Every structure is written in C-alpha cells, then in structure tokens.
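> Got a structure for you, questions after.
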Amino acid sequence: MGNADTKLHFRKAVIQLTTKTQPVEATDDAFWDQFWADSSTTIQDVFALVPAAEIRAVREESPSNLATLCYKAVERLVQAADSGCPSEKQRQIVLNCVRLLTRILPYIFEDADWRGFFWSTVPGAGRAGRLDEDDGEDEARPLAESLLLAVADLLFCPDFTAQSHKKSSADAAEDIQSIDSCEYIWEAGVGFAQTPPLNYVHDINRTELLKLLLTCFSEAMYLPPSSERKNLNPWVSFFCSTENRHALPLFTSLLNVVCAYDPVGYGFPYNHLLFSDHRELLVEQAVQILIVTLEHEAGSAAGAALQALDGSASPSAEEEQESAGPENLFVNYLSRIHREEDLSFILKGLARLLNNPLVQTYLPRSAKKIQFHQELLILFWKFCDFNKKFLFFVLKSSDVLDMLVPILFNLNDARADQSRVGLMHIGVFILLLLSGERNFGVRLNKPFTLRVPMDIPVFTGTHADLLIVIFHKIVTSGHQRLHPLFDCLLTVIVNISPYLKSLSMVAANKLLHLLEAFSTPWFLFSSPQNHHLVFFLLEVFNNIIQYQFDGNCNLVYAIIRKRNVFHQLANLPSDAASIQKALQRKKKSGISRSNSIETESMEGSRPAVPAEPGTLKASLEATPGIDKITEKAQVSEDGTMIAVPHSDSAQTTADCGAAAGGSDTESNSERDHEVYQAESEAARSRLSSVSSSAAWSPNPDWVLSWKAKLPLQTIMRLLQVLVPQVEKICIDKGLTDESEILKFLQHGTLVGLLPVPHPILIRKYQANAGTAMWFRTYMWGVIYLRNVDPPIWYDTDIRLFEIQRI
C-alpha cells in the first residue's frame, strides 16, 4: 500500500501544479518537495503520472511554475553533488529529480520560446545552495551548466555510481568535490587497469543519469535539418569542454564499459531469460552518449585534435576555432588514443559485440542477442574518421574481417526492410571508407570459412567473394529506396578490384550478371546517370585483367561466356527510334533475378523479410551523390596515393584529354568518365524531384557522348585473343567440361597483348556538409526509436526528422 500512497501523493502534486493559476514561491519547499521526497516511483511511473498534455498546459498557462519546478530540481541535484549523497534518502531524491527532468525537458525543447530557458539564470528564484556560486564568481551560472556539472559529479559519486575507496563504514564520507575521478573509472581498459567489482545498483543509477544527459543533448532533435547550420549543440559543447573536470574519466568510463562488455558472459544457455542484465542497459546508454558527444562538423574537431597532438597551429586555426566553437575534449581524447593494446581492446570489443547476433548454438535462442548494433556501427565509423592510427591498426591485420562479416550480415539481413534503410547506408559508408585504403583490398583475399546464417549461395572462396555476392543480392533483391546506394556499392568493388587475386566462379558470374542487367538499353536510357554503373563495372573488369590476370581464370572464363554482353554494349543503338523502342520495353522492376541462377543457400540461413506492419521508422536526409562524397586518387608505382585534381568544368577535363593526344587507352576513358560524372551532378540533384526528372529524356547526342567513352578496349582485346584459342581447344579436344578450359586460362598469359595498363584510380570517402547532415538525422533517428522504455521523445514536436509508420 505504501507504494500506492506514494504514487497518489505524487499525482496530487502534479495536479496541484497544473491547477494553480498563481505562481508558487520557490521558497515553498513543502510544496516542491512533494515531487521528489520520500517517493519510490520508477521512471516508468513518472512518465505515466505526468502526462504530456499537463506538461504543455503548465508551460502555456503557468510558465513561472514550470520554470521554478525545473530550477528546484536542478538545485536539488547541485546540493546532492556537493554533499556526495551520503544517505539513501538523498540518493532517492536525486533519482526522482533525474526522472522528472528527463520527462519535462523534451517539452521545453519543442517550444522555441522556452529553448533558451536553461541557458539563462533564473532571477528572483530564492536561490538556496551553491547554484549561483562558481568558485567565488559573482555571476550566476546558466541553469544548463549547473545541471550538466552536477550530473558529471554524480556519475562519480562513491557508493552511488562508483565503488567507494573507504576502508570501513566508520571512515568519514569521501568529499565528492575533492576526489580524483580518474581513480573511479567504471571499467578497466583504455588508460585504466583495475576492474572494479560489478555492482548492479551502481549500473542502474549510472543508466538513469546517462538517460538524463541524453535527453539534455536531444535539443538537436527539435531544430530543422540544415547542412548550412554550423552552430554546435550547446549542451554537448559545454559538457565536453574544459569546464567539465570529469571529461577524461567520463569518456574513458563510457568507452571501457562498451568495449569490455561481453553479452554472452559465462555462456550458460538461456541465462539472459533468467537474470536481468543491468550492464547491457548501461552499455546501450553509454554508446548512445558517445556517438552524440562525438558528433562534429566534418574536419573541424579532428583538425583541432590533431593540432593539439603535434602542437602546431595553422594560420586559420583561430578562425576554425571560432566556427567550430570550444574544443570538444571527447573528440580530442579519441583522436589521441595510440597504444597498440588500447587500439586492440577497442577493436576486439566492437568486433565481439557486432558479431554477437551471428553466434549460433545448437539450442535455439539460447544465446543473448544485443540490439544496439546500429549505434556500434556509428561509433566504429567515428573512430575510423577521427583517429587515423585506429584506421591503420584495423587494416594492418586480418582483424578487419571481424568487422566486415557482421557488416555484410546486417546489409544482407536488412536489404528488404524499408525501416532499416539507414542501417544499409551506414554499412555501405563504412565499407566505402575502408575500401579507400589498399590494405583493405589485400585483406579480402583471405579465405572465407565461417558458416554465418545468411541466405546466399554456398561457395568456396574469399571474403571478397562474400562481399560481391552480398552486394549482388542487395542490387537484385533489395527494395527501391536502395537505388541511390548502387553507385556506392560499385565504387567499393572498383576500389578493391586491383588487389583481388582470385575470384570464385560464383562471384564472377554475379559481376557479369550485374553488367548484363545494367547494360540493357531500357535501363541505360531510363535515367541520366544509369550509364555510370556500367562504367564502374567495366573499370572493375579492367583492373582485374590488367593487374590480377594470373589468378582470375574464373572471371576471364565468365567474360568469355558472356562476350555477347560486351559486343551489344559496343554496338548500343543510339538513334531516336531505338531509344523509344527500348524505353517502351521498360519493366516495373529495375533489375530482374530471372537470369540469375541461385544455388542452395547456407545452412541456417534466413531470407530477409520486410518490416512488420506498424513498424516505426525515422526519415533520413537525401544521400549525396558518389561524386560528392568521394575524392579521386591515383596509386603511383611505389604504392603511394596521388590526389587527382578536381576539374573546374567538364570542358577543362575534355581539353586535357585532347591535349594528351587522344590516346585510346583506359586512362583517357577514366578522365572521360570523370567528365560525365561532373556533367551529371545537376541531373543527380534533379532526381530528387519527380517533376524535373520527368522532364528529362534521352536523345541520340546524349547517348553518343558517353557511349564513345566506354572503356571497352582492354576487354575487347582479351576476347579477340582468347576466344579463338578457347574455341580451338574445345573443337580439337571435344571438350564439354569447363574445368579443362579453366586450366588452360589459368596457365595463359596476355603479356604484351593488352593495351598499356591504366593507372589505378581509387575513390576515397570525403566528408562534406551533406553527409554530416545525413549522419545527424540518422543518429538521432536511431536514438529516438531505441529509447522506448520509457518513450522519452514520443509524441513531441520533433523537427530534425519525421517518424513514419510502415
């Protein structure tokens, strides 16, 4: 009954607050204490007992009461941070204040007039405690700063959120203001060797405080998307600044808790059904706090961090500092991690968690499966983006494959589910980033021996084969909203192609099937940039033939078998009548699977299924075109990268081609490909609006302009040399078995017969304002959908994205 009485008292206090038309004095502690004293309500109770309509009513009709409630709750947290919460009663008051603020803050943020409230001081609020004291400064702190500093203090409060260092209960309580929080880091790992004993009460309290922090940071959700917006989130900026004395131990605690977490634990079957895992809830909140605090405009934070590392400052550093705001210490700390054991700890931790859903046991559903893989992928992305030492460490051994397999698993699993289109994008972006490094292509030659539950053909081959097979699956059986990703998928394959030593027959056939599908006249003529997909695939074949011919007899055989595709492409009709005839044949689905012979799938695999009806999804910003998110670099003879300068216009590139003497080799074709990429930028942007896209129509001049640049010379020369030889062997020996032909191709050579090898062109990922905006909307969309218990932002006026029901 006691608990029911407590809830009743709390509910009465809420009703009193909404019905009082006169402002309640801040000094009326008897009234305000009803909201947090002696209460044993859970956060779910607070969300149920404080309805959204009543919060909005107080905001509109009794604004001074809402202001005082927020102020008094923050004041209580500041007092608790000062005292160190020595009693159980004080800890309960802290948790109640935390829950109440978590409930109210979204309704403060959704109203533009209220948004600045926490960044002002509250005049005449009868301030008790030290809320307006700042180490002797006369000027009062804004409420937001007091709240953030109090939460940071409370996250290292002995016996509340951290293990106490007291020898016995008789010792005096530790002074929270004088303790060194670096000694209270939550978990061993980066920069901390001791493993504190596991305490589920501490984990629960940390989780509640982190939930409040995340709610504070969520002001970003209530601002409309704009890639021009340079102002950083003020909550994140202050929390990650030098004002927060706990910044380093907190960053370390969050990172170590995430990377040290092992969801399987001791591995007892079904143990996750018998015991609640409070550490999992903490890890989930920790990874969300990390990705939000590491959210920065492209380059600004990383640049500042690198300057801090080498002590240099460019002439524009001051201007950069002004535009980027105060230095983000979390980004700084992340960029400075360099010890091998620390990098290994982070990589192994992320790989363990991302591989968790792939773990198979003989007992169905006996192993615990984590659900926060999207947040982990964003965190991995940020590590690779901000810490180049980490990126090189990932790529220097086969450990990168421990990240590749779960990414491919998720891409394959989500390809038919429209609610997970964001997951598809982040996975492909990560692979695009990795593929810009030579070592990634080299590592992919390692044989793939795992048996992962994926609905793909059984094959014997390498990780490169796995990647190509899954990319083919995404193209042929994904949903329509994945079409903008085709360029990215093929760019990844182009980037790795010069290093692929031996493709399997399955992968070779998949690549040829893609070319066959993309080179059909109706597909080429139906959109102003579809021909780029053919350019990419031809570049893949050229790279493999010129640089890895010896080990790729399967691909050469597949090209010979499908030689009619290349001949048809070379003889593509370009007259107006043929164009119209081709367009009339256009089918509903872009790529058909009918030509693809699917063999049996892997054991334990499960086909991708569409989203359950009623599933919520968050809208995403448009993905910039591949020419916007990559920069081109050539690989020189010594293996170093040389940036390819961007042409000012299509004309200048064409002139360069003419000046080079109009050579017939692929290097010119590459340049011409760049010309047409530049020309199509406007067409790409037009695609977003149906009306302007409908206005475009193919014409003979347009077809001829790019058809003449198709890099077919190397492949045509290969066919010219090898087809007669293969036909002669078949006739002479009466062969019907392809193994003999493969053996012949394996020992053949084209040295001196092919055109001069073209330079290897790599398209490296390049961050820009468009991708920064995409990441912001995706990240907050994931966080919104993952925080459903309690539903912190549900039914509030979110403006960064739209929530849609499938």
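By order in the structure tokens, chains are A, B, ...; within a chain, residues start at 1; ligands start at 1, following the order shown.
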DSSP on the backbone, strand (DSSP E) only: what residues of region 386-502 of chain A does that give? Format it as a ChimeraX atom specification.
/A:447-448,461-462
> Considering only C-alpha atoms, return as a PyMOL selection string whatever protein or nucleic-acid residues lie within 10 Å of Leu401 (chain A), sequence-local ones (same chain, fewer than 2 positions apart) excluded.
chain A and resi 351+394-395+397-399+403-407+440+443-444+446+448+463
> Quick one: of A:Val94, A:Leu485, A:Val264, A:Ala112, who's nearest to Arg206 (chain A), counting only C-alpha atoms?
A:Val94
> With only C-alpha atoms as the counted atoms, please give the residues lying no more than 6 Å from region 623-633 of chain A, apart from itself and same-chain residues fewer than 3 positions off, as JSON, numbers by chain.
{"A": [641, 642, 643, 644, 761, 762, 763, 764, 765, 766]}
> Store the residues picked out above, limited to C-alpha atoms, as a short mmCIF file (atom, residue, chain, number, x, y, z; two decimals), in the first residue's frame.

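Printed below is part06.cif as written:
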```cif
data_model
loop_
_atom_site.label_atom_id
_atom_site.label_comp_id
_atom_site.auth_asym_id
_atom_site.auth_seq_id
_atom_site.Cartn_x
_atom_site.Cartn_y
_atom_site.Cartn_z
CA MET A 641 48.38 7.87 -53.33
CA ILE A 642 48.41 10.96 -55.55
CA ALA A 643 45.32 13.15 -55.41
CA VAL A 644 43.62 13.71 -58.76
CA LEU A 761 42.07 5.12 -59.62
CA ILE A 762 40.79 4.97 -56.05
CA ARG A 763 37.77 6.97 -54.89
CA LYS A 764 38.35 7.76 -51.22
CA TYR A 765 35.49 8.79 -48.94
CA GLN A 766 35.40 12.55 -48.41
#
```
> I'd like the neighbourhood of Val74 (chain A) as a PyMOL selection string, where a residue qualifies if any of its atoms comes within 9 Å (using only C-alpha atoms), though same-chain residues fewer than 2 positions away should be ignored.
chain A and resi 69-72+76-79+97-98+101+131+143-144+146-147+150
> Would you mind exporting N, CA, C and O atoms of the selected residues as a PDB file, in the first residue's frame?

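Once written, again29.pdb looks like this:
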```pdb
ATOM      1  N   LEU A  69       9.845  24.689 -11.062  1.00  0.00           N
ATOM      2  CA  LEU A  69       9.989  23.235 -10.891  1.00  0.00           C
ATOM      3  C   LEU A  69      11.339  22.776 -11.458  1.00  0.00           C
ATOM      4  O   LEU A  69      12.073  22.024 -10.804  1.00  0.00           O
ATOM      5  N   CYS A  70      11.670  23.254 -12.671  1.00  0.00           N
ATOM      6  CA  CYS A  70      12.957  22.883 -13.280  1.00  0.00           C
ATOM      7  C   CYS A  70      14.110  23.391 -12.418  1.00  0.00           C
ATOM      8  O   CYS A  70      15.069  22.653 -12.145  1.00  0.00           O
ATOM      9  N   TYR A  71      13.998  24.654 -11.997  1.00  0.00           N
ATOM     10  CA  TYR A  71      15.065  25.236 -11.179  1.00  0.00           C
ATOM     11  C   TYR A  71      15.266  24.462  -9.882  1.00  0.00           C
ATOM     12  O   TYR A  71      16.399  24.135  -9.498  1.00  0.00           O
ATOM     13  N   LYS A  72      14.149  24.134  -9.191  1.00  0.00           N
ATOM     14  CA  LYS A  72      14.255  23.453  -7.894  1.00  0.00           C
ATOM     15  C   LYS A  72      14.844  22.042  -8.062  1.00  0.00           C
ATOM     16  O   LYS A  72      15.609  21.576  -7.211  1.00  0.00           O
ATOM     17  N   ARG A  76      18.346  20.766  -6.392  1.00  0.00           N
ATOM     18  CA  ARG A  76      18.497  19.551  -5.581  1.00  0.00           C
ATOM     19  C   ARG A  76      19.680  18.710  -6.057  1.00  0.00           C
ATOM     20  O   ARG A  76      20.426  18.135  -5.261  1.00  0.00           O
ATOM     21  N   LEU A  77      19.848  18.618  -7.384  1.00  0.00           N
ATOM     22  CA  LEU A  77      20.964  17.835  -7.924  1.00  0.00           C
ATOM     23  C   LEU A  77      22.305  18.488  -7.574  1.00  0.00           C
ATOM     24  O   LEU A  77      23.270  17.799  -7.246  1.00  0.00           O
ATOM     25  N   VAL A  78      22.344  19.822  -7.611  1.00  0.00           N
ATOM     26  CA  VAL A  78      23.581  20.538  -7.262  1.00  0.00           C
ATOM     27  C   VAL A  78      23.921  20.308  -5.791  1.00  0.00           C
ATOM     28  O   VAL A  78      25.076  20.035  -5.434  1.00  0.00           O
ATOM     29  N   GLN A  79      22.898  20.386  -4.918  1.00  0.00           N
ATOM     30  CA  GLN A  79      23.129  20.149  -3.485  1.00  0.00           C
ATOM     31  C   GLN A  79      23.623  18.727  -3.245  1.00  0.00           C
ATOM     32  O   GLN A  79      24.542  18.498  -2.440  1.00  0.00           O
ATOM     33  N   CYS A  97      14.522  13.482  -9.047  1.00  0.00           N
ATOM     34  CA  CYS A  97      14.759  14.722  -9.802  1.00  0.00           C
ATOM     35  C   CYS A  97      15.220  14.403 -11.229  1.00  0.00           C
ATOM     36  O   CYS A  97      14.792  15.046 -12.202  1.00  0.00           O
ATOM     37  N   VAL A  98      16.082  13.409 -11.345  1.00  0.00           N
ATOM     38  CA  VAL A  98      16.584  12.993 -12.661  1.00  0.00           C
ATOM     39  C   VAL A  98      15.426  12.529 -13.540  1.00  0.00           C
ATOM     40  O   VAL A  98      15.312  12.919 -14.711  1.00  0.00           O
ATOM     41  N   LEU A 101      13.147  15.528 -14.613  1.00  0.00           N
ATOM     42  CA  LEU A 101      13.761  16.358 -15.653  1.00  0.00           C
ATOM     43  C   LEU A 101      13.796  15.630 -17.001  1.00  0.00           C
ATOM     44  O   LEU A 101      13.597  16.237 -18.053  1.00  0.00           O
ATOM     45  N   LEU A 131      23.976  27.013  -6.226  1.00  0.00           N
ATOM     46  CA  LEU A 131      23.669  27.052  -7.654  1.00  0.00           C
ATOM     47  C   LEU A 131      24.246  28.288  -8.317  1.00  0.00           C
ATOM     48  O   LEU A 131      24.655  28.269  -9.463  1.00  0.00           O
ATOM     49  N   LEU A 143      21.416  27.735 -15.921  1.00  0.00           N
ATOM     50  CA  LEU A 143      20.852  26.522 -15.322  1.00  0.00           C
ATOM     51  C   LEU A 143      21.399  25.262 -16.004  1.00  0.00           C
ATOM     52  O   LEU A 143      21.677  24.258 -15.350  1.00  0.00           O
ATOM     53  N   ALA A 144      21.572  25.317 -17.347  1.00  0.00           N
ATOM     54  CA  ALA A 144      22.060  24.156 -18.094  1.00  0.00           C
ATOM     55  C   ALA A 144      23.452  23.742 -17.614  1.00  0.00           C
ATOM     56  O   ALA A 144      23.728  22.546 -17.432  1.00  0.00           O
ATOM     57  N   SER A 146      24.844  24.371 -14.649  1.00  0.00           N
ATOM     58  CA  SER A 146      24.741  23.808 -13.295  1.00  0.00           C
ATOM     59  C   SER A 146      24.259  22.363 -13.351  1.00  0.00           C
ATOM     60  O   SER A 146      24.773  21.496 -12.640  1.00  0.00           O
ATOM     61  N   LEU A 147      23.269  22.107 -14.220  1.00  0.00           N
ATOM     62  CA  LEU A 147      22.717  20.756 -14.347  1.00  0.00           C
ATOM     63  C   LEU A 147      23.780  19.788 -14.872  1.00  0.00           C
ATOM     64  O   LEU A 147      23.985  18.707 -14.299  1.00  0.00           O
ATOM     65  N   ALA A 150      26.521  19.093 -12.292  1.00  0.00           N
ATOM     66  CA  ALA A 150      26.023  18.267 -11.190  1.00  0.00           C
ATOM     67  C   ALA A 150      25.919  16.806 -11.628  1.00  0.00           C
ATOM     68  O   ALA A 150      26.312  15.891 -10.885  1.00  0.00           O
TER      69      ALA A 150
END
```
> Which distance in Å separates CA of Glu54 (chain A) and CA of Tyr794 (chain A), to one decimal?
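Spanning CA of Glu54 (chain A) to CA of Tyr794 (chain A) is a straight-line distance of 15.1 Å.
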> Considering only C-alpha atoms, return as a short mmCIF file (atom, residue, chain, number, x, y, z; two decimals) with C-alpha atoms, in the first residue's frame whatever protein or nucleic-acid residues lie within 12 Å of Asp487 (chain A), sequence-local ones (same chain, fewer than 5 positions apart) excluded.

```cif
data_model
loop_
_atom_site.label_atom_id
_atom_site.label_comp_id
_atom_site.auth_asym_id
_atom_site.auth_seq_id
_atom_site.Cartn_x
_atom_site.Cartn_y
_atom_site.Cartn_z
CA HIS A 425 23.61 3.31 -45.65
CA VAL A 428 27.96 0.83 -47.10
CA PHE A 429 29.56 4.12 -45.96
CA LEU A 432 33.45 2.84 -48.77
CA PHE A 471 26.28 -6.68 -52.97
CA VAL A 475 21.02 -4.88 -56.02
CA LEU A 482 18.30 1.37 -52.09
CA VAL A 492 33.62 -0.20 -53.19
CA ILE A 493 34.12 -3.04 -55.69
CA VAL A 494 36.12 -0.73 -58.02
CA PHE A 518 22.78 -2.57 -66.06
CA GLN A 529 23.21 8.69 -64.74
CA ASN A 530 22.49 4.94 -65.06
CA HIS A 531 25.36 4.56 -67.54
CA HIS A 532 27.80 5.31 -64.70
CA LEU A 533 27.04 1.88 -63.25
CA VAL A 534 28.31 0.31 -66.48
CA PHE A 535 31.45 2.49 -66.35
CA PHE A 536 32.12 1.28 -62.80
CA LEU A 537 31.73 -2.41 -63.71
CA THR A 623 22.27 10.87 -49.61
CA PRO A 624 24.77 12.99 -51.60
CA GLY A 625 25.87 11.52 -54.94
CA ILE A 626 29.05 9.43 -55.12
CA ASP A 627 30.90 12.33 -56.80
CA LYS A 628 30.14 14.50 -53.74
CA ILE A 629 31.29 12.01 -51.08
CA THR A 630 34.49 10.78 -52.71
CA GLN A 677 30.31 12.41 -63.60
CA ARG A 684 21.58 13.87 -59.88
CA ARG A 763 37.77 6.97 -54.89
#
```
> Kindly give the distance, in Å, that separates CA of Phe549 (chain A) and CA of Tyr499 (chain A), rounded to a single decimal.
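Value for the CA of Phe549 (chain A)-CA of Tyr499 (chain A) distance: 10.8 Å.
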> With only C-alpha atoms as the atoms that count, which of A:Phe31, A:Ser62, A:Asp159, A:Phe345 lies nearest to Cys85 (chain A)?
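The closest residue to Cys85 (chain A) is A:Asp159.
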